[in-house]
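**Student:** Following this line is model_30.tsv, made up of TSV, C-alpha atoms:
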chain	number	residue	atom	x	y	z
A	1	MET	CA	96.20	195.35	-65.47
A	2	PRO	CA	97.42	193.32	-62.48
A	3	GLN	CA	96.95	194.92	-59.09
A	4	PRO	CA	100.16	195.77	-57.25
A	5	VAL	CA	100.88	193.55	-54.27
A	6	THR	CA	99.63	195.19	-51.10
A	7	GLU	CA	102.58	195.53	-48.79
A	8	GLN	CA	100.78	196.50	-45.65
A	9	THR	CA	97.29	196.71	-44.31
A	10	MET	CA	95.98	199.03	-41.66
A	11	LEU	CA	93.09	198.31	-39.41
A	12	ASP	CA	91.91	201.20	-37.31
A	13	MET	CA	88.95	200.80	-35.01
A	14	SER	CA	87.28	202.01	-31.90
A	15	LEU	CA	85.45	199.61	-29.64
A	16	GLU	CA	83.45	199.63	-26.43
A	17	SER	CA	85.20	198.05	-23.46
A	18	THR	CA	82.97	194.97	-23.30
A	19	PRO	CA	83.84	191.27	-23.79
A	20	VAL	CA	81.46	191.04	-26.74
A	21	ALA	CA	83.06	194.01	-28.50
A	22	VAL	CA	86.47	192.42	-27.87
A	23	ARG	CA	85.29	189.30	-29.68
A	24	GLY	CA	84.20	191.36	-32.67
A	25	ALA	CA	87.50	193.25	-32.78
A	26	LEU	CA	89.49	190.00	-32.64
A	27	ALA	CA	87.51	188.58	-35.55
A	28	ARG	CA	88.47	191.61	-37.64
A	29	VAL	CA	92.13	191.28	-36.65
A	30	VAL	CA	92.18	187.63	-37.67
A	31	GLU	CA	90.49	188.43	-40.97
A	32	THR	CA	93.05	191.16	-41.69
A	33	LEU	CA	95.98	188.85	-40.98
A	34	CYS	CA	94.38	186.16	-43.10
A	35	CYS	CA	94.33	188.60	-46.03
A	36	MET	CA	98.02	189.27	-45.47
A	37	GLY	CA	98.80	185.57	-45.79
A	38	TRP	CA	99.39	184.79	-42.12
A	39	ASP	CA	98.90	181.11	-41.23
A	40	GLU	CA	96.69	179.83	-38.48
A	41	GLU	CA	99.36	179.53	-35.81
A	42	PRO	CA	100.86	183.05	-35.95
A	43	ARG	CA	97.34	184.43	-36.41
A	44	GLY	CA	96.40	182.68	-33.22
A	45	THR	CA	99.37	184.21	-31.42
A	46	VAL	CA	98.39	187.75	-32.44
A	47	GLN	CA	94.78	187.08	-31.54
A	48	LEU	CA	95.76	185.83	-28.10
A	49	VAL	CA	98.07	188.74	-27.31
A	50	ILE	CA	95.50	191.33	-28.40
A	51	ALA	CA	92.77	189.47	-26.50
A	52	GLU	CA	94.81	189.57	-23.30
A	53	ALA	CA	95.66	193.25	-23.70
A	54	LEU	CA	92.04	194.18	-24.46
A	55	ASN	CA	90.73	192.06	-21.58
A	56	ASN	CA	93.05	193.93	-19.23
A	57	ILE	CA	91.66	197.25	-20.43
A	58	VAL	CA	88.06	196.00	-20.13
A	59	GLU	CA	88.53	194.54	-16.66
A	60	HIS	CA	91.09	196.81	-15.03
A	61	ALA	CA	91.58	200.11	-16.86
A	62	TYR	CA	87.82	200.72	-17.13
A	63	GLY	CA	86.25	198.02	-14.96
A	64	ALA	CA	82.74	196.63	-15.21
A	65	GLY	CA	81.06	199.72	-13.77
A	66	CYS	CA	82.24	202.35	-16.23
A	67	PRO	CA	82.88	201.12	-19.76
A	68	GLY	CA	84.74	203.38	-22.15
A	69	GLN	CA	86.23	203.44	-25.61
A	70	ILE	CA	89.32	201.58	-26.73
A	71	SER	CA	91.21	202.46	-29.86
A	72	LEU	CA	92.95	199.58	-31.63
A	73	ARG	CA	95.27	199.99	-34.58
A	74	LEU	CA	96.92	197.14	-36.40
A	75	ARG	CA	99.50	197.57	-39.10
A	76	ALA	CA	100.28	194.24	-40.68
A	77	THR	CA	102.74	193.22	-43.34
A	78	ALA	CA	103.43	189.68	-44.43
A	79	GLU	CA	106.06	189.48	-41.67
A	80	LEU	CA	105.08	191.86	-38.89
A	81	ALA	CA	102.09	192.89	-36.86
A	82	ASP	CA	102.36	196.22	-35.07
A	83	ILE	CA	99.56	196.89	-32.66
A	84	VAL	CA	98.76	200.10	-30.80
A	85	MET	CA	96.02	200.26	-28.21
A	86	THR	CA	94.92	203.35	-26.35
A	87	ASP	CA	92.28	203.94	-23.70
A	88	HIS	CA	91.26	206.58	-21.18
A	89	GLY	CA	90.93	204.22	-18.24
A	90	MET	CA	93.06	203.85	-15.11
A	91	ALA	CA	96.81	203.54	-15.53
A	92	LEU	CA	98.56	200.25	-14.85
A	93	PRO	CA	99.80	200.10	-11.23
A	94	GLY	CA	102.90	202.29	-11.00
A	95	ALA	CA	102.20	203.37	-14.59
A	96	THR	CA	104.46	200.56	-15.69
A	97	LEU	CA	104.16	197.08	-17.21
A	98	PRO	CA	103.61	194.36	-14.62
A	99	GLY	CA	106.53	192.04	-13.88
A	100	ALA	CA	106.77	188.67	-15.51
A	101	ALA	CA	107.03	186.56	-12.36
A	102	PRO	CA	104.73	183.57	-12.86
A	103	ALA	CA	102.50	182.48	-10.01
A	104	ARG	CA	103.59	179.51	-7.93
A	105	LEU	CA	102.00	176.26	-8.96
A	106	ASP	CA	103.51	173.98	-6.29
A	107	VAL	CA	100.60	174.67	-3.97
A	108	PRO	CA	97.49	172.77	-2.86
A	109	ARG	CA	94.67	172.63	-5.42
A	110	TYR	CA	92.53	175.24	-3.69
A	111	ASP	CA	95.41	177.76	-3.76
A	112	LEU	CA	96.06	177.49	-7.49
A	113	PRO	CA	95.91	180.83	-9.33
A	114	GLU	CA	92.82	181.52	-11.46
A	115	GLY	CA	94.20	184.69	-12.98
A	116	GLY	CA	97.37	186.65	-13.55
A	117	PHE	CA	98.20	184.71	-16.71
A	118	GLY	CA	97.47	187.55	-19.12
A	119	TRP	CA	100.74	189.48	-18.87
A	120	GLN	CA	102.68	186.23	-18.81
A	121	LEU	CA	101.19	185.41	-22.23
A	122	ILE	CA	101.62	188.93	-23.61
A	123	ARG	CA	105.27	189.06	-22.57
A	124	GLY	CA	105.99	185.55	-23.75
A	125	LEU	CA	104.48	186.02	-27.19
A	126	SER	CA	105.47	189.60	-28.04
A	127	ASP	CA	108.67	190.56	-29.79
A	128	ARG	CA	108.45	194.13	-28.60
A	129	LEU	CA	106.30	195.65	-25.89
A	130	SER	CA	106.05	199.18	-24.55
A	131	TYR	CA	103.62	201.06	-22.36
A	132	ARG	CA	103.23	204.64	-21.25
A	133	HIS	CA	100.56	206.65	-19.49
A	134	SER	CA	100.41	210.31	-20.38
A	135	ASN	CA	97.70	212.97	-20.36
A	136	GLY	CA	95.22	210.47	-19.00
A	137	VAL	CA	95.78	208.02	-21.85
A	138	ASN	CA	97.14	204.49	-21.64
A	139	HIS	CA	99.25	203.71	-24.66
A	140	LEU	CA	100.35	200.14	-25.32
A	141	GLU	CA	102.45	199.10	-28.28
A	142	ILE	CA	103.12	195.53	-29.26
A	143	ARG	CA	105.05	194.01	-32.12
A	144	ILE	CA	104.76	190.37	-33.15
A	145	CYS	CA	106.93	188.87	-35.86
A	146	ARG	CA	105.22	186.20	-37.88
A	147	CYS	CA	108.27	184.01	-38.01
A	148	SER	CA	109.53	184.34	-34.45
A	149	GLY	CA	108.22	180.85	-33.81
A	150	LYS	CA	106.55	181.81	-30.57
O	1	MET	CA	73.47	178.26	-25.83
O	2	THR	CA	74.79	174.84	-24.86
O	3	LEU	CA	78.36	175.21	-23.72
O	4	ILE	CA	79.00	171.63	-22.71
O	5	THR	CA	77.41	168.25	-23.30
O	6	THR	CA	78.04	165.36	-20.99
O	7	GLU	CA	78.40	161.59	-21.15
O	8	THR	CA	77.84	159.70	-17.97
O	9	GLY	CA	80.30	157.06	-16.79
O	10	ASP	CA	83.60	157.06	-15.00
O	11	PRO	CA	85.48	158.89	-16.30
O	12	GLN	CA	82.66	161.28	-16.94
O	13	ILE	CA	83.24	163.02	-20.27
O	14	LEU	CA	82.38	166.72	-20.57
O	15	ARG	CA	82.51	167.82	-24.20
O	16	VAL	CA	82.91	171.52	-24.81
O	17	ALA	CA	80.45	172.51	-27.55
O	18	VAL	CA	81.79	175.98	-28.35
O	19	THR	CA	84.89	176.99	-30.31
O	20	ARG	CA	86.00	179.74	-27.95
O	21	ILE	CA	86.42	179.92	-24.19
O	22	ASP	CA	87.02	183.63	-23.72
O	23	SER	CA	86.13	186.41	-21.33
O	24	ALA	CA	82.65	186.70	-22.84
O	25	ILE	CA	81.69	183.23	-21.56
O	26	ALA	CA	84.27	182.36	-18.90
O	27	ILE	CA	81.88	182.68	-15.95
O	28	GLN	CA	79.04	180.73	-17.59
O	29	PHE	CA	81.55	178.11	-18.61
O	30	LYS	CA	82.83	177.64	-15.06
O	31	ASP	CA	79.28	177.43	-13.74
O	32	ALA	CA	78.30	174.92	-16.44
O	33	VAL	CA	81.20	172.62	-15.54
O	34	ARG	CA	80.40	172.83	-11.85
O	35	GLU	CA	76.76	172.04	-12.51
O	36	LEU	CA	77.48	169.06	-14.73
O	37	VAL	CA	80.20	167.31	-12.77
O	38	SER	CA	78.73	164.27	-11.08
O	39	PRO	CA	79.72	164.03	-7.41
O	40	GLU	CA	79.96	160.24	-7.73
O	41	VAL	CA	82.72	159.92	-10.32
O	42	GLY	CA	86.40	159.69	-9.51
O	43	ARG	CA	87.56	161.27	-12.72
O	44	VAL	CA	86.19	163.88	-15.12
O	45	VAL	CA	87.66	164.45	-18.59
O	46	LEU	CA	87.07	167.81	-20.26
O	47	ASP	CA	87.15	167.31	-24.03
O	48	LEU	CA	88.52	170.50	-25.62
O	49	ASN	CA	88.71	169.17	-29.15
O	50	ALA	CA	86.14	171.67	-30.50
O	51	VAL	CA	87.94	174.65	-28.97
O	52	ASP	CA	90.31	176.59	-31.19
O	53	PHE	CA	90.74	179.64	-28.96
O	54	ILE	CA	91.13	180.11	-25.24
O	55	ASP	CA	92.34	183.19	-23.38
O	56	SER	CA	93.54	183.57	-19.81
O	57	SER	CA	90.00	184.07	-18.50
O	58	GLY	CA	89.02	180.76	-20.12
O	59	LEU	CA	92.06	179.15	-18.58
O	60	GLY	CA	91.09	180.65	-15.21
O	61	ALA	CA	87.58	179.25	-15.60
O	62	ILE	CA	88.96	175.74	-16.14
O	63	VAL	CA	91.21	176.07	-13.09
O	64	ALA	CA	88.31	177.42	-11.02
O	65	ALA	CA	86.08	174.53	-12.13
O	66	MET	CA	88.77	172.06	-11.12
O	67	LYS	CA	89.19	173.73	-7.72
O	68	GLY	CA	85.45	173.39	-7.16
O	69	MET	CA	85.60	169.60	-7.37
O	70	ALA	CA	85.84	167.25	-4.41
O	71	ASP	CA	89.32	166.30	-3.18
O	72	HIS	CA	88.94	162.71	-4.35
O	73	GLN	CA	88.04	163.75	-7.91
O	74	ARG	CA	90.52	164.22	-10.71
O	75	PHE	CA	89.96	166.67	-13.56
O	76	ASP	CA	91.75	165.71	-16.79
O	77	LEU	CA	91.85	167.44	-20.16
O	78	ALA	CA	91.79	165.92	-23.64
O	79	GLY	CA	92.03	166.92	-27.28
O	80	LEU	CA	93.91	170.21	-26.97
O	81	ARG	CA	94.34	172.00	-30.29
O	82	PRO	CA	97.64	173.85	-30.91
O	83	MET	CA	96.57	177.31	-29.65
O	84	VAL	CA	94.95	175.85	-26.56
O	85	ASP	CA	97.97	173.67	-25.89
O	86	LYS	CA	100.19	176.75	-26.21
O	87	VAL	CA	98.24	178.64	-23.54
O	88	PHE	CA	98.56	175.74	-21.11
O	89	ARG	CA	102.28	175.33	-21.81
O	90	MET	CA	103.17	179.01	-21.60
O	91	THR	CA	101.44	179.44	-18.26
O	92	ARG	CA	102.84	176.06	-17.10
O	93	MET	CA	99.28	174.96	-16.29
O	94	ASP	CA	100.06	171.83	-18.32
O	95	SER	CA	101.87	170.69	-15.18
O	96	ILE	CA	98.69	170.87	-13.10
O	97	PHE	CA	96.43	168.74	-15.32
O	98	VAL	CA	96.80	165.30	-16.82
O	99	ILE	CA	96.40	166.01	-20.53
O	100	HIS	CA	95.37	163.26	-22.96
O	101	ASP	CA	95.71	163.44	-26.74
O	102	THR	CA	92.14	162.24	-27.21
O	103	VAL	CA	89.10	161.28	-25.17
O	104	ASP	CA	89.66	157.65	-26.21
O	105	ALA	CA	93.15	157.78	-24.76
O	106	SER	CA	91.73	159.21	-21.55
O	107	ARG	CA	89.27	156.32	-21.27
O	108	ALA	CA	92.13	153.88	-21.50
O	109	GLY	CA	93.54	155.63	-18.46
O	110	ALA	CA	96.71	156.47	-20.35
O	111	GLU	CA	98.59	159.49	-19.12
O	112	ASN	CA	99.02	160.85	-22.65
As a first step, turn the structure in this file into structure tokens.

**Tutor:**
Amino acid sequence: MPQPVTEQTMLDMSLESTPVAVRGALARVVETLCCMGWDEEPRGTVQLVIAEALNNIVEHAYGAGCPGQISLRLRATAELADIVMTDHGMALPGATLPGAAPARLDVPRYDLPEGGFGWQLIRGLSDRLSYRHSNGVNHLEIRICRCSGK
Amino acid sequence: MTLITTETGDPQILRVAVTRIDSAIAIQFKDAVRELVSPEVGRVVLDLNAVDFIDSSGLGAIVAAMKGMADHQRFDLAGLRPMVDKVFRMTRMDSIFVIHDTVDASRAGAEN
């Protein structure tokens, strides 16, 4: 008997807030999207957005001194990736998403920015983005449409 | 782990030997570039053809490596794959570097 077509896949995991654990989580995300028929380019977009969001949690919410747990959930269909990340680290400044203002690049070489690109990429590549901090938990939700051409 | 191999000459070619420049290796990557860049050359070309994923910490490492070079030295990039190219375009860092399609094109001194 033929198997029914799977309409959505869920990936639910908990990871340590370390760069190596982030790598492992991203590999599983890519594998999941691959199974759902996502091509290389939109897979890359989802990988990048999740990487940036996880890196922010690793570096800023928890920081190098006190690693913690991150929960990552991905619900993927052939067309959509819905991602929810939660952590118990520090809230984003003002408990709100950072603005999208890009850093100035018309400056001498030694003044060029070496960071601050993460939220620019997340905002630019997400189709929906929301954040809240409640009861000591950071809660970030991201939607990426496979065909948004971003 | 070898992150970068180098070919002497001017331009000096630095070939990235890993497929990812992410937060797990960004600092080592920056240090490796700084260590390998010859102070004598006028131009260095970073060959990114092997790299299929870069995040903003990898991008920051490339910018930091470039900022660590002498004023008279130019730091070009070559062989950007689609995801890497996207990161440079979306952050507008493609306006800071001369980006060549291939290392061969960079040797010819072409701007693209």

**Student:** For O:Ala64, work out the shell of residues within 10 Å, counting only C-alpha atoms and skipping chain neighbours fewer than 4 positions away, then give it as a tab-separated table (two decimals) with C-alpha atoms, in the frame of the given file.

**Tutor:**
chain	number	residue	atom	x	y	z
A	109	ARG	CA	94.67	172.63	-5.42
A	110	TYR	CA	92.53	175.24	-3.69
A	112	LEU	CA	96.06	177.49	-7.49
A	113	PRO	CA	95.91	180.83	-9.33
A	114	GLU	CA	92.82	181.52	-11.46
A	115	GLY	CA	94.20	184.69	-12.98
O	27	ILE	CA	81.88	182.68	-15.95
O	30	LYS	CA	82.83	177.64	-15.06
O	31	ASP	CA	79.28	177.43	-13.74
O	33	VAL	CA	81.20	172.62	-15.54
O	34	ARG	CA	80.40	172.83	-11.85
O	58	GLY	CA	89.02	180.76	-20.12
O	59	LEU	CA	92.06	179.15	-18.58
O	60	GLY	CA	91.09	180.65	-15.21
O	68	GLY	CA	85.45	173.39	-7.16
O	69	MET	CA	85.60	169.60	-7.37

**Student:** Near chain O, meaning an atom within 8 Å, which residues of chain A appear when counting only C-alpha atoms? Write them as a PyMOL selection string.

**Tutor:** chain A and resi 19-20+23+41+44-45+48+51-52+55+102+105+109-110+112-118+120-121+124

**Student:** Can you tell me which residues surround A:Thr9 at a distance of at most 7 Å, considering all atoms listed in the file, apart from same-chain residues fewer than 5 positions away, and format the answer as a PyMOL selection string?

**Tutor:** chain A and resi 75-77

**Student:** What does the structure give for the distance between atom CA of O:Ala78 and atom CA of A:Ala27, in Å to one decimal?

**Tutor:**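 Atom CA of O:Ala78 sits 26.0 Å away from atom CA of A:Ala27.
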
**Student:** Fewer than 2 positions away in the same chain doesn't count, so skip those; otherwise give me all residues within 7 Å of A:Met90, counting only C-alpha atoms, as a compact mmCIF listing (two decimals) with C-alpha atoms, in the coordinates of the input.

**Tutor:**
# COMPACT_ATOMS: atom_id res chain seq x y z
CA ALA A 61 91.58 200.11 -16.86
CA TYR A 62 87.82 200.72 -17.13
CA HIS A 88 91.26 206.58 -21.18
CA LEU A 92 98.56 200.25 -14.85

**Student:** Scan for residues within 12 Å of the point (73.5, 173.6, -29.1) in the coordinates of the file, using only C-alpha atoms, and reply as a PyMOL selection string.

**Tutor:** chain O and resi 1-5+15-19

**Student:** Please, what distance in Å, to one decimal, runs between atom CA of O:Glu40 and atom CA of O:Gln28?

**Tutor:**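 Those two atoms sit 22.8 Å apart.
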
**Student:** For a test of reading the model, state the distance in Å between atom CA of A:Glu79 and atom CA of A:Cys145, rounded to one decimal.

**Tutor:** 5.9 Å

**Student:** Would you kindly return, as a JSON list (two decimals) with C-alpha atoms, keeping the file's coordinate frame, each protein, DNA or RNA residue with an atom no farther than 12 Å from any atom of O:Ile99, considering all atoms listed in the file and excluding same-chain residues fewer than 5 positions away?

**Tutor:**
[["chain", "number", "residue", "atom", "x", "y", "z"],
["O", 44, "VAL", "CA", 86.19, 163.88, -15.12],
["O", 45, "VAL", "CA", 87.66, 164.45, -18.59],
["O", 46, "LEU", "CA", 87.07, 167.81, -20.26],
["O", 47, "ASP", "CA", 87.15, 167.31, -24.03],
["O", 48, "LEU", "CA", 88.52, 170.50, -25.62],
["O", 49, "ASN", "CA", 88.71, 169.17, -29.15],
["O", 74, "ARG", "CA", 90.52, 164.22, -10.71],
["O", 75, "PHE", "CA", 89.96, 166.67, -13.56],
["O", 76, "ASP", "CA", 91.75, 165.71, -16.79],
["O", 77, "LEU", "CA", 91.85, 167.44, -20.16],
["O", 78, "ALA", "CA", 91.79, 165.92, -23.64],
["O", 79, "GLY", "CA", 92.03, 166.92, -27.28],
["O", 80, "LEU", "CA", 93.91, 170.21, -26.97],
["O", 81, "ARG", "CA", 94.34, 172.00, -30.29],
["O", 84, "VAL", "CA", 94.95, 175.85, -26.56],
["O", 85, "ASP", "CA", 97.97, 173.67, -25.89],
["O", 88, "PHE", "CA", 98.56, 175.74, -21.11],
["O", 89, "ARG", "CA", 102.28, 175.33, -21.81],
["O", 93, "MET", "CA", 99.28, 174.96, -16.29],
["O", 94, "ASP", "CA", 100.06, 171.83, -18.32],
["O", 105, "ALA", "CA", 93.15, 157.78, -24.76],
["O", 106, "SER", "CA", 91.73, 159.21, -21.55],
["O", 109, "GLY", "CA", 93.54, 155.63, -18.46],
["O", 110, "ALA", "CA", 96.71, 156.47, -20.35],
["O", 111, "GLU", "CA", 98.59, 159.49, -19.12],
["O", 112, "ASN", "CA", 99.02, 160.85, -22.65]]

**Student:** Set the distance at 6 Å and use all atoms listed in the file: which residues neighbour A:Ile83 once local chain neighbours fewer than 4 positions away are removed? I'd like the list as a list of chain:residue names.

**Tutor:**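 Here the answer would be A:Arg73, A:Leu74, A:Glu141, A:Ile142.
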
**Student:** Which one of A:Ala81, A:Leu15, A:Cys147, A:Met10 sits closest to A:Gln69 if you count only C-alpha atoms?

**Tutor:** A:Leu15

**Student:** Given the choices A:Val137, A:Ala101, A:Ala64, A:Ser130, which gets closest to A:Thr86 if the distance is worked out from only C-alpha atoms?

**Tutor:** A:Val137
